[in-house]
>>> print(open('query32.cif').read())   # mmCIF, C-alpha atoms
data_entry
#
loop_
_atom_site.label_atom_id
_atom_site.label_comp_id
_atom_site.auth_asym_id
_atom_site.auth_seq_id
_atom_site.Cartn_x
_atom_site.Cartn_y
_atom_site.Cartn_z
CA MET A 580 -8.15 11.41 12.32
CA PRO A 581 -6.77 7.87 12.50
CA LYS A 582 -7.41 5.40 9.70
CA ILE A 583 -7.95 1.66 9.68
CA VAL A 584 -6.66 -0.32 6.74
CA PHE A 585 -8.57 -3.58 6.34
CA LEU A 586 -6.47 -6.05 4.39
CA PRO A 587 -8.22 -8.00 1.62
CA HIS A 588 -10.45 -10.84 2.82
CA GLU A 589 -12.06 -13.23 0.36
CA TYR A 590 -15.62 -12.69 1.64
CA LEU A 591 -15.71 -9.64 3.87
CA CYS A 592 -13.66 -7.18 1.84
CA PRO A 593 -12.12 -8.69 -1.32
CA GLU A 594 -10.32 -5.51 -2.39
CA GLY A 595 -9.33 -4.35 1.07
CA ALA A 596 -10.39 -0.91 2.31
CA VAL A 597 -9.29 2.17 4.24
CA PHE A 598 -11.67 4.04 6.56
CA ASP A 599 -11.47 7.00 8.90
CA ALA A 600 -11.99 6.08 12.53
CA ASN A 601 -12.90 8.09 15.58
CA GLU A 602 -10.73 7.79 18.67
CA GLY A 603 -12.44 5.46 21.13
CA GLU A 604 -14.39 3.64 18.42
CA SER A 605 -13.91 -0.13 18.20
CA ILE A 606 -12.42 -1.76 15.13
CA LEU A 607 -15.69 -3.68 14.76
CA ASP A 608 -17.81 -0.53 14.82
CA VAL A 609 -15.65 1.11 12.15
CA ALA A 610 -16.01 -1.98 9.95
CA LEU A 611 -19.78 -2.27 10.42
CA ARG A 612 -20.33 1.45 9.83
CA ASN A 613 -18.59 1.05 6.48
CA GLY A 614 -20.34 -2.10 5.28
CA ILE A 615 -17.80 -4.76 6.30
CA GLU A 616 -19.99 -7.37 7.97
CA ILE A 617 -17.61 -8.85 10.53
CA GLU A 618 -19.35 -11.53 12.56
CA HIS A 619 -20.19 -10.61 16.14
CA ALA A 620 -22.40 -13.38 17.48
CA CYS A 621 -22.39 -12.04 21.07
CA GLU A 622 -23.40 -8.53 19.97
CA LYS A 623 -20.11 -6.96 21.14
CA SER A 624 -20.25 -8.24 24.72
CA CYS A 625 -16.85 -10.01 24.73
CA ALA A 626 -18.52 -13.41 25.02
CA CYS A 627 -17.39 -15.11 21.80
CA THR A 628 -14.52 -14.96 19.32
CA THR A 629 -16.34 -14.43 16.03
CA CYS A 630 -14.94 -10.89 15.64
CA HIS A 631 -11.33 -11.98 16.15
CA CYS A 632 -8.87 -9.90 14.15
CA ILE A 633 -5.11 -9.56 13.85
CA VAL A 634 -3.68 -6.06 14.17
CA ARG A 635 -0.73 -6.13 11.75
CA GLU A 636 0.30 -2.50 12.37
CA GLY A 637 -0.49 -0.22 15.29
CA PHE A 638 -1.02 -3.01 17.83
CA ASP A 639 1.05 -1.25 20.49
CA SER A 640 -1.17 1.84 20.27
CA LEU A 641 -4.19 -0.13 21.56
CA ARG A 642 -5.06 -0.32 25.22
CA GLU A 643 -4.02 -3.60 26.76
CA SER A 644 -6.59 -6.38 26.51
CA THR A 645 -8.56 -7.38 29.59
CA GLU A 646 -8.34 -10.77 31.24
CA LEU A 647 -11.82 -11.60 29.89
CA GLU A 648 -10.76 -10.74 26.33
CA ASP A 649 -7.59 -12.82 26.72
CA ASP A 650 -9.66 -15.78 27.96
CA MET A 651 -11.94 -15.50 24.92
CA LEU A 652 -9.02 -15.13 22.51
CA ASP A 653 -7.60 -18.43 23.77
CA LYS A 654 -10.56 -20.05 21.97
CA ALA A 655 -10.08 -18.21 18.65
CA TRP A 656 -9.06 -19.93 15.44
CA GLY A 657 -5.62 -18.83 14.19
CA LEU A 658 -4.59 -16.95 17.32
CA GLU A 659 -1.46 -14.79 16.92
CA PRO A 660 0.42 -12.50 19.34
CA GLU A 661 -1.29 -9.46 17.74
CA SER A 662 -4.79 -10.95 17.94
CA ARG A 663 -7.63 -8.93 19.44
CA LEU A 664 -11.40 -9.08 19.55
CA SER A 665 -12.43 -6.29 17.20
CA CYS A 666 -15.36 -5.42 19.49
CA GLN A 667 -12.95 -4.67 22.33
CA ALA A 668 -10.00 -3.04 20.53
CA LYS A 669 -10.55 0.74 20.56
CA VAL A 670 -8.85 3.09 18.12
CA THR A 671 -6.43 5.64 19.57
CA ASP A 672 -4.63 8.37 17.65
CA GLU A 673 -2.60 5.96 15.47
CA ASP A 674 -3.50 4.27 12.20
CA LEU A 675 -4.12 0.51 12.24
CA VAL A 676 -3.70 -2.26 9.69
CA VAL A 677 -6.12 -5.10 10.40
CA GLU A 678 -6.43 -8.60 8.99
CA MET A 679 -9.53 -10.69 9.45
CA PRO A 680 -8.77 -14.42 9.74
CA LYS A 681 -10.12 -16.70 7.04
CA TYR A 682 -12.12 -18.74 9.56
CA THR A 683 -14.01 -18.22 12.81
CA VAL A 684 -15.17 -20.74 15.39
CA ASN A 685 -18.75 -20.22 14.16
CA HIS A 686 -19.99 -23.14 12.08
CA ALA A 687 -23.06 -21.28 10.81
CA ARG A 688 -23.11 -17.60 10.08
CA GLU A 689 -26.18 -15.86 11.45
CA HIS A 690 -26.38 -12.84 9.16
CA GLY A 691 -25.59 -11.84 5.60
#
>>> encode(input="query32.cif", output="structure tokens")
Amino acid sequence: MPKIVFLPHEYLCPEGAVFDANEGESILDVALRNGIEIEHACEKSCACTTCHCIVREGFDSLRESTELEDDMLDKAWGLEPESRLSCQAKVTDEDLVVEMPKYTVNHAREHG
């Protein structure tokens, strides 16, 4: 079973965390299932960038992003070559190391 390592984030996961993931499950769903409240203002419909993450290890194991995801990522704060929308990036059979950026484009957080 693949694992996702979430690197420490000041608000979301101060100590960092490691969770088991199911193949085909999104990075966002793994985080939410384990109590990491990553923002997802569009409710996982690939219509915002609030769930933007950077895949530090295992990026090449992910399916290629769609044109829609790439268009949304162009609007993300702190975009890097290994950036993905965590609602769209699905786990395969490899472990991932994920960093959540310090900021999102959201000015007001809607939950938690």
>>> atom_distance(input="query32.cif", atom1="atom CA of A:Ser665", atom2="atom CA of A:Ser605")
6.4 Å
>>> resolve_selection(input="query32.cif", expression="the PyMOL selection byres ((chain A and resi 609) around 10)", output="list of chain:residue names")
A:Lys582, A:Ile583, A:Phe598, A:Asp599, A:Ala600, A:Asn601, A:Glu604, A:Ser605, A:Ile606, A:Leu607, A:Asp608, A:Ala610, A:Leu611, A:Arg612, A:Asn613, A:Gly614, A:Ile615, A:Ser665, A:Cys666, A:Lys669, A:Val670
>>> resolve_selection(input="query32.cif", expression="the PyMOL selection byres ((chain A and resi 619) around 12)", output="PDB file with C-alpha atoms, in the coordinates of the input")
ATOM      1  CA  ILE A 606     -12.420  -1.760  15.130  1.00  0.00           C
ATOM      2  CA  LEU A 607     -15.690  -3.680  14.760  1.00  0.00           C
ATOM      3  CA  ASP A 608     -17.810  -0.530  14.820  1.00  0.00           C
ATOM      4  CA  ALA A 610     -16.010  -1.980   9.950  1.00  0.00           C
ATOM      5  CA  LEU A 611     -19.780  -2.270  10.420  1.00  0.00           C
ATOM      6  CA  ILE A 615     -17.800  -4.760   6.300  1.00  0.00           C
ATOM      7  CA  GLU A 616     -19.990  -7.370   7.970  1.00  0.00           C
ATOM      8  CA  ILE A 617     -17.610  -8.850  10.530  1.00  0.00           C
ATOM      9  CA  GLU A 618     -19.350 -11.530  12.560  1.00  0.00           C
ATOM     10  CA  ALA A 620     -22.400 -13.380  17.480  1.00  0.00           C
ATOM     11  CA  CYS A 621     -22.390 -12.040  21.070  1.00  0.00           C
ATOM     12  CA  GLU A 622     -23.400  -8.530  19.970  1.00  0.00           C
ATOM     13  CA  LYS A 623     -20.110  -6.960  21.140  1.00  0.00           C
ATOM     14  CA  SER A 624     -20.250  -8.240  24.720  1.00  0.00           C
ATOM     15  CA  CYS A 625     -16.850 -10.010  24.730  1.00  0.00           C
ATOM     16  CA  ALA A 626     -18.520 -13.410  25.020  1.00  0.00           C
ATOM     17  CA  CYS A 627     -17.390 -15.110  21.800  1.00  0.00           C
ATOM     18  CA  THR A 628     -14.520 -14.960  19.320  1.00  0.00           C
ATOM     19  CA  THR A 629     -16.340 -14.430  16.030  1.00  0.00           C
ATOM     20  CA  CYS A 630     -14.940 -10.890  15.640  1.00  0.00           C
ATOM     21  CA  HIS A 631     -11.330 -11.980  16.150  1.00  0.00           C
ATOM     22  CA  CYS A 632      -8.870  -9.900  14.150  1.00  0.00           C
ATOM     23  CA  LEU A 664     -11.400  -9.080  19.550  1.00  0.00           C
ATOM     24  CA  SER A 665     -12.430  -6.290  17.200  1.00  0.00           C
ATOM     25  CA  CYS A 666     -15.360  -5.420  19.490  1.00  0.00           C
ATOM     26  CA  GLN A 667     -12.950  -4.670  22.330  1.00  0.00           C
ATOM     27  CA  THR A 683     -14.010 -18.220  12.810  1.00  0.00           C
ATOM     28  CA  VAL A 684     -15.170 -20.740  15.390  1.00  0.00           C
ATOM     29  CA  ASN A 685     -18.750 -20.220  14.160  1.00  0.00           C
ATOM     30  CA  ARG A 688     -23.110 -17.600  10.080  1.00  0.00           C
ATOM     31  CA  GLU A 689     -26.180 -15.860  11.450  1.00  0.00           C
ATOM     32  CA  HIS A 690     -26.380 -12.840   9.160  1.00  0.00           C
ATOM     33  CA  GLY A 691     -25.590 -11.840   5.600  1.00  0.00           C
TER      34      GLY A 691
END
>>> axis_aligned_box(input="query32.cif", around="stretch 677-680 of chain A", padding_each_side="8 Å", output="JSON")
{"center_x": -7.8, "center_y": -9.8, "center_z": 9.7, "size_x": 19.4, "size_y": 25.3, "size_z": 17.4}
>>> resolve_selection(input="query32.cif", expression="the PyMOL selection byres ((chain A and resi 584) around 8)", output="PDB file with C-alpha atoms, in the coordinates of the input")
ATOM      1  CA  LYS A 582      -7.410   5.400   9.700  1.00  0.00           C
ATOM      2  CA  ILE A 583      -7.950   1.660   9.680  1.00  0.00           C
ATOM      3  CA  PHE A 585      -8.570  -3.580   6.340  1.00  0.00           C
ATOM      4  CA  LEU A 586      -6.470  -6.050   4.390  1.00  0.00           C
ATOM      5  CA  GLY A 595      -9.330  -4.350   1.070  1.00  0.00           C
ATOM      6  CA  ALA A 596     -10.390  -0.910   2.310  1.00  0.00           C
ATOM      7  CA  VAL A 597      -9.290   2.170   4.240  1.00  0.00           C
ATOM      8  CA  PHE A 598     -11.670   4.040   6.560  1.00  0.00           C
ATOM      9  CA  ASP A 674      -3.500   4.270  12.200  1.00  0.00           C
ATOM     10  CA  LEU A 675      -4.120   0.510  12.240  1.00  0.00           C
ATOM     11  CA  VAL A 676      -3.700  -2.260   9.690  1.00  0.00           C
ATOM     12  CA  VAL A 677      -6.120  -5.100  10.400  1.00  0.00           C
TER      13      VAL A 677
END
>>> decode(input="query32.cif", residues="stretch 634-691 of chain A", atoms="C-alpha atoms", output="compact mmCIF listing (two decimals), in the first residue's frame")
# COMPACT_ATOMS: atom_id res chain seq x y z
CA VAL A 634 4.83 16.75 -5.00
CA ARG A 635 8.45 16.66 -3.79
CA GLU A 636 8.91 12.91 -4.37
CA GLY A 637 6.95 10.54 -6.59
CA PHE A 638 5.76 13.21 -9.04
CA ASP A 639 6.59 11.07 -12.08
CA SER A 640 4.37 8.25 -10.79
CA LEU A 641 1.25 10.44 -11.12
CA ARG A 642 -0.86 10.49 -14.24
CA GLU A 643 -0.20 13.54 -16.36
CA SER A 644 -2.29 16.59 -15.49
CA THR A 645 -5.15 17.60 -17.76
CA GLU A 646 -5.28 20.83 -19.70
CA LEU A 647 -7.97 22.10 -17.30
CA GLU A 648 -5.77 21.37 -14.28
CA ASP A 649 -2.80 23.07 -15.96
CA ASP A 650 -4.95 26.15 -16.67
CA MET A 651 -6.00 26.30 -13.02
CA LEU A 652 -2.44 25.78 -11.77
CA ASP A 653 -1.32 28.82 -13.76
CA LYS A 654 -3.30 30.86 -11.20
CA ALA A 655 -1.81 29.20 -8.10
CA TRP A 656 0.44 31.00 -5.63
CA GLY A 657 3.99 29.62 -5.57
CA LEU A 658 3.69 27.45 -8.67
CA GLU A 659 6.57 25.00 -9.18
CA PRO A 660 7.28 22.37 -11.88
CA GLU A 661 6.03 19.64 -9.49
CA SER A 662 2.82 21.48 -8.59
CA ARG A 663 -0.52 19.67 -8.79
CA LEU A 664 -4.05 20.22 -7.58
CA SER A 665 -4.38 17.71 -4.76
CA CYS A 666 -7.99 17.02 -5.77
CA GLN A 667 -6.83 15.83 -9.20
CA ALA A 668 -3.56 14.01 -8.40
CA LYS A 669 -4.37 10.32 -7.86
CA VAL A 670 -2.09 7.97 -5.97
CA THR A 671 -0.56 5.09 -7.91
CA ASP A 672 1.60 2.30 -6.50
CA GLU A 673 4.45 4.63 -5.41
CA ASP A 674 4.92 6.61 -2.22
CA LEU A 675 4.61 10.40 -2.41
CA VAL A 676 6.13 13.26 -0.45
CA VAL A 677 3.84 16.29 -0.53
CA GLU A 678 4.33 19.89 0.55
CA MET A 679 1.44 22.26 1.01
CA PRO A 680 2.33 25.86 0.11
CA LYS A 681 2.21 28.44 2.87
CA TYR A 682 -0.39 30.52 1.03
CA THR A 683 -3.36 30.00 -1.28
CA VAL A 684 -5.17 32.46 -3.51
CA ASN A 685 -8.10 32.40 -1.07
CA HIS A 686 -8.28 35.56 1.02
CA ALA A 687 -10.83 34.12 3.47
CA ARG A 688 -10.89 30.52 4.53
CA GLU A 689 -14.37 29.03 4.50
CA HIS A 690 -13.96 26.21 6.99
CA GLY A 691 -12.02 25.35 10.13
